[in-house]
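To start, the structure under review is shown below, and the notes come after it.
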Amino acid sequence: MRFLPVFLNIENRDCLVVGGGDIAARKLDLLLKANARVKIVARSIGSEVEALVSEGKVEHVGQEYAEGLLKGCVLVIAATNDESLNRLVSEHARHRNLPVNVVDNPALCTFIMPSVIDRHPVQIAISTGGASPVLARLLRARLETMIPSTFGRLASLIQSVRDRVRKQIPDMRKRRRFWEDLLQGPVAEMLYSGQELAALAAVEKRLDQPGADIPDNGEVYLVGGGPGDPDLLTFRALRLMQQADVVLYDRLVAP
C-alpha cells in the first residue's frame, strides 16, 4: 500500500489551488464540498472558475505563484499545464510539510485525490494510487449503482440513536446483532423509499420493547461456491460470509 487512506477535516481551513483551468475547477468543487476556504492563484481563469469567484465561493489571486502564498494553508493543489511550476509548488509545499497534490503526476504528490461516492455522512473514496484515474472512475460508477442515493439517511438515523442503543444494549455481541438486524430489515427499506419518519418510529418502537436486544438464536445460510471461482460469488453471499460468526466449508472450496 503506497498511500495511506485518510479523510482530512479542512472545514473553514485555508487551501490553495495553483491554476485556473478546467482541471482546477474540478478540484475546487471537491474542496468547496468539504467547506474549505479556497484561494486560487492564476493570471487567467476559465469560465467555471470565474463563476465561482463571482459568486464569492473562491478568492482569486491574479498574479504569478509565489511561495509566500502558502502561508497559513493546510493543503495545496497544483493544477497547471506547466510542469516546472507544478514541481516548484510541490517542492515548496513539501519543505513546509504541507500535503500537496500535483494533478496527473503521482511522483510529485504526497496525497492522491480519490474518486468519491458521497452519501453524506457516508463517503467512499476509491484510488488506484495515481496509476489510472479512469479505472477509479469506472469503479466508482459501478459501486454507485449498488449503493442507494438515500444511504446517508440510514447512517444519520443510526447516529441519532447510537448512544441510546449503547446504553440499552451494553453487551457488544448483542448490540452488533441489533444493528445488523436493523440495517438489513424493514427500517432500512423504509429509509431507502423516503419514509424517514416511519423508519424513526420503527426504531423507537424497537428500543421501547423490553426485548429490544436480538435473542441468541442464530441463522444458518448455505452459500453456493459454484465451480470455485471467488469472483462468481454474489454480493449477498459475500455480505453473509463477512457478517458470519462461524464459517464451515468443505474441500471443494477454492484456495
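Residue numbering restarts at 1 in every chain; chains get A, B, ... in the order shown in the C-alpha cells, and ligands count up from 1 in that same order.
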
Task: Shell around region 80-89 of chain A at 8 Å using only C-alpha atoms, local window under 5 positions removed, as a PyMOL selection string - done: chain A and resi 18-21+24+67+102-103+108

Open item on the list: So that I can see what lies close to region 53-63 of chain A, please list as number ranges by chain the residues with an atom at most 12 Å from it, counting only C-alpha atoms and leaving out residues fewer than 4 positions away in the same chain.
Closed with: A: 14-20, 24-25, 27-29, 31-33, 35-49, 69

Output for the residues just chosen: N, CA, C and O atoms as a short mmCIF file (atom, residue, chain, number, x, y, z; two decimals), in the first residue's frame:
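Result file part03.cif:
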```cif
data_model
loop_
_atom_site.label_atom_id
_atom_site.label_comp_id
_atom_site.auth_asym_id
_atom_site.auth_seq_id
_atom_site.Cartn_x
_atom_site.Cartn_y
_atom_site.Cartn_z
N ASP A 14 -7.76 27.10 5.26
CA ASP A 14 -7.28 27.69 4.00
C ASP A 14 -6.60 26.66 3.11
O ASP A 14 -5.67 25.96 3.55
N CYS A 15 -7.05 26.58 1.88
CA CYS A 15 -6.45 25.69 0.88
C CYS A 15 -6.08 26.51 -0.36
O CYS A 15 -6.79 27.45 -0.72
N LEU A 16 -4.98 26.13 -1.00
CA LEU A 16 -4.50 26.87 -2.16
C LEU A 16 -4.52 25.99 -3.40
O LEU A 16 -4.06 24.84 -3.36
N VAL A 17 -5.07 26.53 -4.49
CA VAL A 17 -5.05 25.84 -5.78
C VAL A 17 -4.30 26.72 -6.76
O VAL A 17 -4.62 27.90 -6.93
N VAL A 18 -3.27 26.15 -7.39
CA VAL A 18 -2.48 26.89 -8.36
C VAL A 18 -2.93 26.44 -9.75
O VAL A 18 -2.79 25.27 -10.12
N GLY A 19 -3.48 27.38 -10.53
CA GLY A 19 -4.02 27.06 -11.84
C GLY A 19 -5.49 27.45 -11.91
O GLY A 19 -6.19 27.41 -10.90
N GLY A 20 -5.95 27.83 -13.11
CA GLY A 20 -7.32 28.32 -13.21
C GLY A 20 -8.14 27.70 -14.33
O GLY A 20 -9.17 28.26 -14.71
N ALA A 24 -8.47 22.56 -12.60
CA ALA A 24 -8.53 23.28 -11.32
C ALA A 24 -9.98 23.40 -10.85
O ALA A 24 -10.27 23.28 -9.65
N ALA A 25 -10.90 23.62 -11.79
CA ALA A 25 -12.31 23.77 -11.43
C ALA A 25 -12.85 22.50 -10.77
O ALA A 25 -13.62 22.57 -9.82
N LYS A 27 -11.13 20.32 -9.04
CA LYS A 27 -10.56 20.23 -7.69
C LYS A 27 -11.23 21.22 -6.75
O LYS A 27 -11.46 20.93 -5.57
N LEU A 28 -11.54 22.40 -7.28
CA LEU A 28 -12.24 23.40 -6.47
C LEU A 28 -13.58 22.87 -5.98
O LEU A 28 -13.98 23.09 -4.83
N ASP A 29 -14.28 22.16 -6.85
CA ASP A 29 -15.59 21.62 -6.49
C ASP A 29 -15.49 20.70 -5.29
O ASP A 29 -16.30 20.78 -4.36
N LEU A 31 -13.07 20.64 -2.96
CA LEU A 31 -12.68 21.41 -1.78
C LEU A 31 -13.86 22.18 -1.20
O LEU A 31 -14.02 22.26 0.03
N LEU A 32 -14.67 22.74 -2.07
CA LEU A 32 -15.83 23.50 -1.60
C LEU A 32 -16.87 22.59 -0.95
O LEU A 32 -17.53 22.99 0.00
N LYS A 33 -17.02 21.37 -1.46
CA LYS A 33 -17.94 20.43 -0.84
C LYS A 33 -17.51 20.08 0.58
O LYS A 33 -18.33 19.75 1.43
N ASN A 35 -16.23 22.26 2.48
CA ASN A 35 -16.36 23.53 3.21
C ASN A 35 -15.02 24.19 3.53
O ASN A 35 -14.85 24.82 4.59
N ALA A 36 -14.07 24.05 2.61
CA ALA A 36 -12.77 24.70 2.80
C ALA A 36 -12.84 26.16 2.34
O ALA A 36 -13.71 26.54 1.56
N ARG A 37 -11.92 26.98 2.86
CA ARG A 37 -11.73 28.34 2.33
C ARG A 37 -10.67 28.23 1.25
O ARG A 37 -9.53 27.89 1.54
N VAL A 38 -11.07 28.52 0.02
CA VAL A 38 -10.19 28.24 -1.11
C VAL A 38 -9.69 29.52 -1.77
O VAL A 38 -10.47 30.44 -2.06
N LYS A 39 -8.39 29.54 -2.02
CA LYS A 39 -7.76 30.63 -2.76
C LYS A 39 -7.15 30.03 -4.02
O LYS A 39 -6.47 29.00 -3.96
N ILE A 40 -7.42 30.65 -5.15
CA ILE A 40 -6.87 30.16 -6.41
C ILE A 40 -5.91 31.19 -6.99
O ILE A 40 -6.20 32.39 -7.01
N VAL A 41 -4.74 30.72 -7.41
CA VAL A 41 -3.69 31.59 -7.94
C VAL A 41 -3.52 31.32 -9.43
O VAL A 41 -3.17 30.21 -9.83
N ALA A 42 -3.77 32.31 -10.25
CA ALA A 42 -3.60 32.17 -11.70
C ALA A 42 -3.75 33.54 -12.35
O ALA A 42 -4.55 34.37 -11.91
N ARG A 43 -2.93 33.77 -13.39
CA ARG A 43 -3.03 35.02 -14.15
C ARG A 43 -4.39 35.12 -14.83
O ARG A 43 -5.01 36.18 -14.86
N SER A 44 -4.84 34.01 -15.39
CA SER A 44 -6.14 33.98 -16.06
C SER A 44 -6.91 32.75 -15.59
O SER A 44 -6.31 31.74 -15.23
N ILE A 45 -8.22 32.84 -15.60
CA ILE A 45 -9.06 31.74 -15.13
C ILE A 45 -10.13 31.44 -16.17
O ILE A 45 -10.57 32.30 -16.92
N GLY A 46 -10.59 30.17 -16.17
CA GLY A 46 -11.63 29.75 -17.09
C GLY A 46 -13.00 30.17 -16.61
O GLY A 46 -13.17 30.71 -15.51
N SER A 47 -14.01 29.89 -17.42
CA SER A 47 -15.37 30.34 -17.12
C SER A 47 -15.93 29.68 -15.86
O SER A 47 -16.63 30.34 -15.08
N GLU A 48 -15.62 28.39 -15.65
CA GLU A 48 -16.14 27.70 -14.46
C GLU A 48 -15.56 28.31 -13.19
O GLU A 48 -16.29 28.56 -12.21
N VAL A 49 -14.27 28.55 -13.21
CA VAL A 49 -13.62 29.16 -12.04
C VAL A 49 -14.12 30.58 -11.85
O VAL A 49 -14.38 31.03 -10.72
N LEU A 69 2.49 32.59 -0.76
CA LEU A 69 1.04 32.32 -0.79
C LEU A 69 0.67 31.06 -0.02
O LEU A 69 -0.49 30.83 0.28
#
```

Open item on the list: So that I can see what lies close to region 178-195 of chain A, please list as a ChimeraX atom specification the residues with an atom at most 7 Å from it, counting only C-alpha atoms and leaving out residues fewer than 4 positions away in the same chain.
Closed with: /A:148,150-151,153-154,174,199,202,213-214

Can I get the selected residues back with all heavy atoms, as a PDB file, in the first residue's frame?
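Output contents, as saved in part-v2.pdb:
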```pdb
ATOM      1  N   PRO A 148     -27.667   2.795  -2.662  1.00  0.00           N
ATOM      2  CA  PRO A 148     -28.799   3.721  -2.818  1.00  0.00           C
ATOM      3  C   PRO A 148     -28.401   5.163  -2.515  1.00  0.00           C
ATOM      4  O   PRO A 148     -27.558   5.428  -1.651  1.00  0.00           O
ATOM      5  CB  PRO A 148     -29.820   3.203  -1.793  1.00  0.00           C
ATOM      6  CG  PRO A 148     -29.437   1.786  -1.538  1.00  0.00           C
ATOM      7  CD  PRO A 148     -27.945   1.727  -1.690  1.00  0.00           C
ATOM      8  N   THR A 150     -30.043   7.227  -0.984  1.00  0.00           N
ATOM      9  CA  THR A 150     -30.527   7.576   0.359  1.00  0.00           C
ATOM     10  C   THR A 150     -29.726   6.879   1.463  1.00  0.00           C
ATOM     11  O   THR A 150     -30.129   6.898   2.622  1.00  0.00           O
ATOM     12  CB  THR A 150     -32.012   7.205   0.498  1.00  0.00           C
ATOM     13  OG1 THR A 150     -32.194   5.834   0.108  1.00  0.00           O
ATOM     14  CG2 THR A 150     -32.875   8.092  -0.384  1.00  0.00           C
ATOM     15  N   PHE A 151     -28.600   6.266   1.108  1.00  0.00           N
ATOM     16  CA  PHE A 151     -27.820   5.506   2.079  1.00  0.00           C
ATOM     17  C   PHE A 151     -27.368   6.378   3.247  1.00  0.00           C
ATOM     18  O   PHE A 151     -27.259   5.913   4.382  1.00  0.00           O
ATOM     19  CB  PHE A 151     -26.599   4.897   1.385  1.00  0.00           C
ATOM     20  CG  PHE A 151     -26.071   3.660   2.036  1.00  0.00           C
ATOM     21  CD1 PHE A 151     -26.754   2.464   1.949  1.00  0.00           C
ATOM     22  CD2 PHE A 151     -24.883   3.700   2.748  1.00  0.00           C
ATOM     23  CE1 PHE A 151     -26.260   1.324   2.555  1.00  0.00           C
ATOM     24  CE2 PHE A 151     -24.385   2.562   3.349  1.00  0.00           C
ATOM     25  CZ  PHE A 151     -25.072   1.372   3.252  1.00  0.00           C
ATOM     26  N   ARG A 153     -28.974   8.705   4.704  1.00  0.00           N
ATOM     27  CA  ARG A 153     -30.040   8.875   5.694  1.00  0.00           C
ATOM     28  C   ARG A 153     -30.008   7.757   6.716  1.00  0.00           C
ATOM     29  O   ARG A 153     -30.317   7.958   7.895  1.00  0.00           O
ATOM     30  CB  ARG A 153     -31.400   8.891   4.992  1.00  0.00           C
ATOM     31  CG  ARG A 153     -31.586  10.064   4.028  1.00  0.00           C
ATOM     32  CD  ARG A 153     -32.911   9.949   3.306  1.00  0.00           C
ATOM     33  NE  ARG A 153     -33.038  10.959   2.265  1.00  0.00           N
ATOM     34  CZ  ARG A 153     -34.016  10.985   1.374  1.00  0.00           C
ATOM     35  NH1 ARG A 153     -34.949  10.048   1.401  1.00  0.00           N
ATOM     36  NH2 ARG A 153     -34.068  11.934   0.458  1.00  0.00           N
ATOM     37  N   LEU A 154     -29.657   6.561   6.256  1.00  0.00           N
ATOM     38  CA  LEU A 154     -29.558   5.424   7.165  1.00  0.00           C
ATOM     39  C   LEU A 154     -28.465   5.670   8.198  1.00  0.00           C
ATOM     40  O   LEU A 154     -28.649   5.430   9.392  1.00  0.00           O
ATOM     41  CB  LEU A 154     -29.272   4.158   6.356  1.00  0.00           C
ATOM     42  CG  LEU A 154     -29.274   2.830   7.105  1.00  0.00           C
ATOM     43  CD1 LEU A 154     -30.612   2.585   7.774  1.00  0.00           C
ATOM     44  CD2 LEU A 154     -28.942   1.685   6.163  1.00  0.00           C
ATOM     45  N   LYS A 174     -24.530  -8.668  21.371  1.00  0.00           N
ATOM     46  CA  LYS A 174     -25.964  -8.469  21.156  1.00  0.00           C
ATOM     47  C   LYS A 174     -26.235  -7.148  20.444  1.00  0.00           C
ATOM     48  O   LYS A 174     -27.141  -7.047  19.620  1.00  0.00           O
ATOM     49  CB  LYS A 174     -26.702  -8.513  22.494  1.00  0.00           C
ATOM     50  CG  LYS A 174     -26.724  -9.887  23.129  1.00  0.00           C
ATOM     51  CD  LYS A 174     -27.526  -9.886  24.428  1.00  0.00           C
ATOM     52  CE  LYS A 174     -27.602 -11.284  25.025  1.00  0.00           C
ATOM     53  NZ  LYS A 174     -28.388 -11.286  26.286  1.00  0.00           N
ATOM     54  N   ALA A 199     -39.475   5.178   9.587  1.00  0.00           N
ATOM     55  CA  ALA A 199     -38.281   4.431   9.988  1.00  0.00           C
ATOM     56  C   ALA A 199     -37.868   4.780  11.415  1.00  0.00           C
ATOM     57  O   ALA A 199     -37.546   3.896  12.214  1.00  0.00           O
ATOM     58  CB  ALA A 199     -37.139   4.725   9.016  1.00  0.00           C
ATOM     59  N   ALA A 202     -40.200   3.197  13.847  1.00  0.00           N
ATOM     60  CA  ALA A 202     -39.942   1.764  13.971  1.00  0.00           C
ATOM     61  C   ALA A 202     -38.754   1.496  14.889  1.00  0.00           C
ATOM     62  O   ALA A 202     -38.777   0.563  15.698  1.00  0.00           O
ATOM     63  CB  ALA A 202     -39.692   1.161  12.588  1.00  0.00           C
ATOM     64  N   ASP A 213     -32.944  -6.150  22.501  1.00  0.00           N
ATOM     65  CA  ASP A 213     -31.734  -6.801  22.033  1.00  0.00           C
ATOM     66  C   ASP A 213     -32.095  -8.108  21.330  1.00  0.00           C
ATOM     67  O   ASP A 213     -33.010  -8.808  21.716  1.00  0.00           O
ATOM     68  CB  ASP A 213     -30.762  -7.077  23.196  1.00  0.00           C
ATOM     69  CG  ASP A 213     -31.431  -7.816  24.334  1.00  0.00           C
ATOM     70  OD1 ASP A 213     -32.627  -7.578  24.557  1.00  0.00           O
ATOM     71  OD2 ASP A 213     -30.754  -8.642  24.981  1.00  0.00           O
ATOM     72  N   ILE A 214     -31.351  -8.436  20.307  1.00  0.00           N
ATOM     73  CA  ILE A 214     -31.651  -9.595  19.489  1.00  0.00           C
ATOM     74  C   ILE A 214     -31.378 -10.872  20.282  1.00  0.00           C
ATOM     75  O   ILE A 214     -30.330 -11.012  20.916  1.00  0.00           O
ATOM     76  CB  ILE A 214     -30.783  -9.590  18.221  1.00  0.00           C
ATOM     77  CG1 ILE A 214     -30.978  -8.272  17.471  1.00  0.00           C
ATOM     78  CG2 ILE A 214     -31.115 -10.764  17.314  1.00  0.00           C
ATOM     79  CD1 ILE A 214     -32.389  -8.002  17.061  1.00  0.00           C
TER      80      ILE A 214
END
```

Task: Separation of CA of Ala34 (chain A) from CA of Ala79 (chain A) in Å - done: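 If I compute the distance from CA of Ala79 (chain A) to CA of Ala34 (chain A), I get 18.5 Å.
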
- [ ] Using only C-alpha atoms, pick whichever of A:Arg173, A:Glu196, A:Val161, A:Ala131 has the shortest atom-to-atom distance to Phe3 (chain A).
- [x] A:Ala131

Task: For Val122 (chain A), the nearest of the candidates A:Asn105, A:Ser90, A:Asn97, A:Gln159, counting only C-alpha atoms - done: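 Closest to Val122 (chain A), using only C-alpha atoms: A:Gln159.
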
TODO: Using only C-alpha atoms, pick whichever of A:Ile124, A:Ala93, A:Leu222, A:Leu8 has the shortest atom-to-atom distance to Ile147 (chain A).
DONE: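 Checking each of A:Ile124, A:Ala93, A:Leu222, A:Leu8 against Ile147 (chain A), counting only C-alpha atoms, the winner is A:Ile124.
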
Open item on the list: So that I can check the surroundings of Phe235 (chain A), please list as a PyMOL selection string every protein, DNA and RNA residue that reaches within 12 Å of it, counting only C-alpha atoms and ignoring chain neighbours fewer than 6 positions away.
Closed with: chain A and resi 143+146-147+223+241-242

Task: In region 83-214 of chain A, DSSP strand (DSSP E) residues written as JSON, numbers by chain - done: {"A": [100, 101, 102, 115, 116, 117, 118, 119, 122, 123, 124, 125, 126]}

Resulting file, chosen residues, N, CA and C atoms, as a PDB file, in the first residue's frame:
```pdb
ATOM      1  N   VAL A 100       0.396  17.969  -0.493  1.00  0.00           N
ATOM      2  CA  VAL A 100       0.324  18.567  -1.820  1.00  0.00           C
ATOM      3  C   VAL A 100      -0.088  17.519  -2.847  1.00  0.00           C
ATOM      4  N   ASN A 101      -0.943  17.929  -3.762  1.00  0.00           N
ATOM      5  CA  ASN A 101      -1.353  17.080  -4.876  1.00  0.00           C
ATOM      6  C   ASN A 101      -1.028  17.800  -6.175  1.00  0.00           C
ATOM      7  N   VAL A 102      -0.288  17.113  -7.043  1.00  0.00           N
ATOM      8  CA  VAL A 102       0.004  17.640  -8.375  1.00  0.00           C
ATOM      9  C   VAL A 102      -0.769  16.786  -9.364  1.00  0.00           C
ATOM     10  N   SER A 115     -11.441   9.145  -6.313  1.00  0.00           N
ATOM     11  CA  SER A 115     -12.769   9.255  -6.898  1.00  0.00           C
ATOM     12  C   SER A 115     -13.747   8.978  -5.758  1.00  0.00           C
ATOM     13  N   VAL A 116     -14.730   9.848  -5.571  1.00  0.00           N
ATOM     14  CA  VAL A 116     -15.542   9.814  -4.353  1.00  0.00           C
ATOM     15  C   VAL A 116     -17.006   9.499  -4.633  1.00  0.00           C
ATOM     16  N   ILE A 117     -17.555   8.627  -3.796  1.00  0.00           N
ATOM     17  CA  ILE A 117     -19.005   8.410  -3.743  1.00  0.00           C
ATOM     18  C   ILE A 117     -19.490   9.097  -2.480  1.00  0.00           C
ATOM     19  N   ASP A 118     -20.330  10.096  -2.639  1.00  0.00           N
ATOM     20  CA  ASP A 118     -20.770  10.902  -1.497  1.00  0.00           C
ATOM     21  C   ASP A 118     -22.216  10.582  -1.147  1.00  0.00           C
ATOM     22  N   ARG A 119     -22.383   9.902  -0.024  1.00  0.00           N
ATOM     23  CA  ARG A 119     -23.709   9.635   0.543  1.00  0.00           C
ATOM     24  C   ARG A 119     -23.682  10.181   1.970  1.00  0.00           C
ATOM     25  N   VAL A 122     -21.960   9.218   4.826  1.00  0.00           N
ATOM     26  CA  VAL A 122     -21.151   8.104   4.324  1.00  0.00           C
ATOM     27  C   VAL A 122     -20.353   8.572   3.112  1.00  0.00           C
ATOM     28  N   GLN A 123     -19.057   8.308   3.123  1.00  0.00           N
ATOM     29  CA  GLN A 123     -18.192   8.637   1.989  1.00  0.00           C
ATOM     30  C   GLN A 123     -17.348   7.424   1.632  1.00  0.00           C
ATOM     31  N   ILE A 124     -17.252   7.157   0.346  1.00  0.00           N
ATOM     32  CA  ILE A 124     -16.421   6.058  -0.140  1.00  0.00           C
ATOM     33  C   ILE A 124     -15.420   6.645  -1.119  1.00  0.00           C
ATOM     34  N   ALA A 125     -14.138   6.484  -0.808  1.00  0.00           N
ATOM     35  CA  ALA A 125     -13.080   7.031  -1.657  1.00  0.00           C
ATOM     36  C   ALA A 125     -12.363   5.891  -2.365  1.00  0.00           C
ATOM     37  N   ILE A 126     -12.183   6.031  -3.681  1.00  0.00           N
ATOM     38  CA  ILE A 126     -11.559   4.991  -4.490  1.00  0.00           C
ATOM     39  C   ILE A 126     -10.311   5.562  -5.152  1.00  0.00           C
TER      40      ILE A 126
END
```
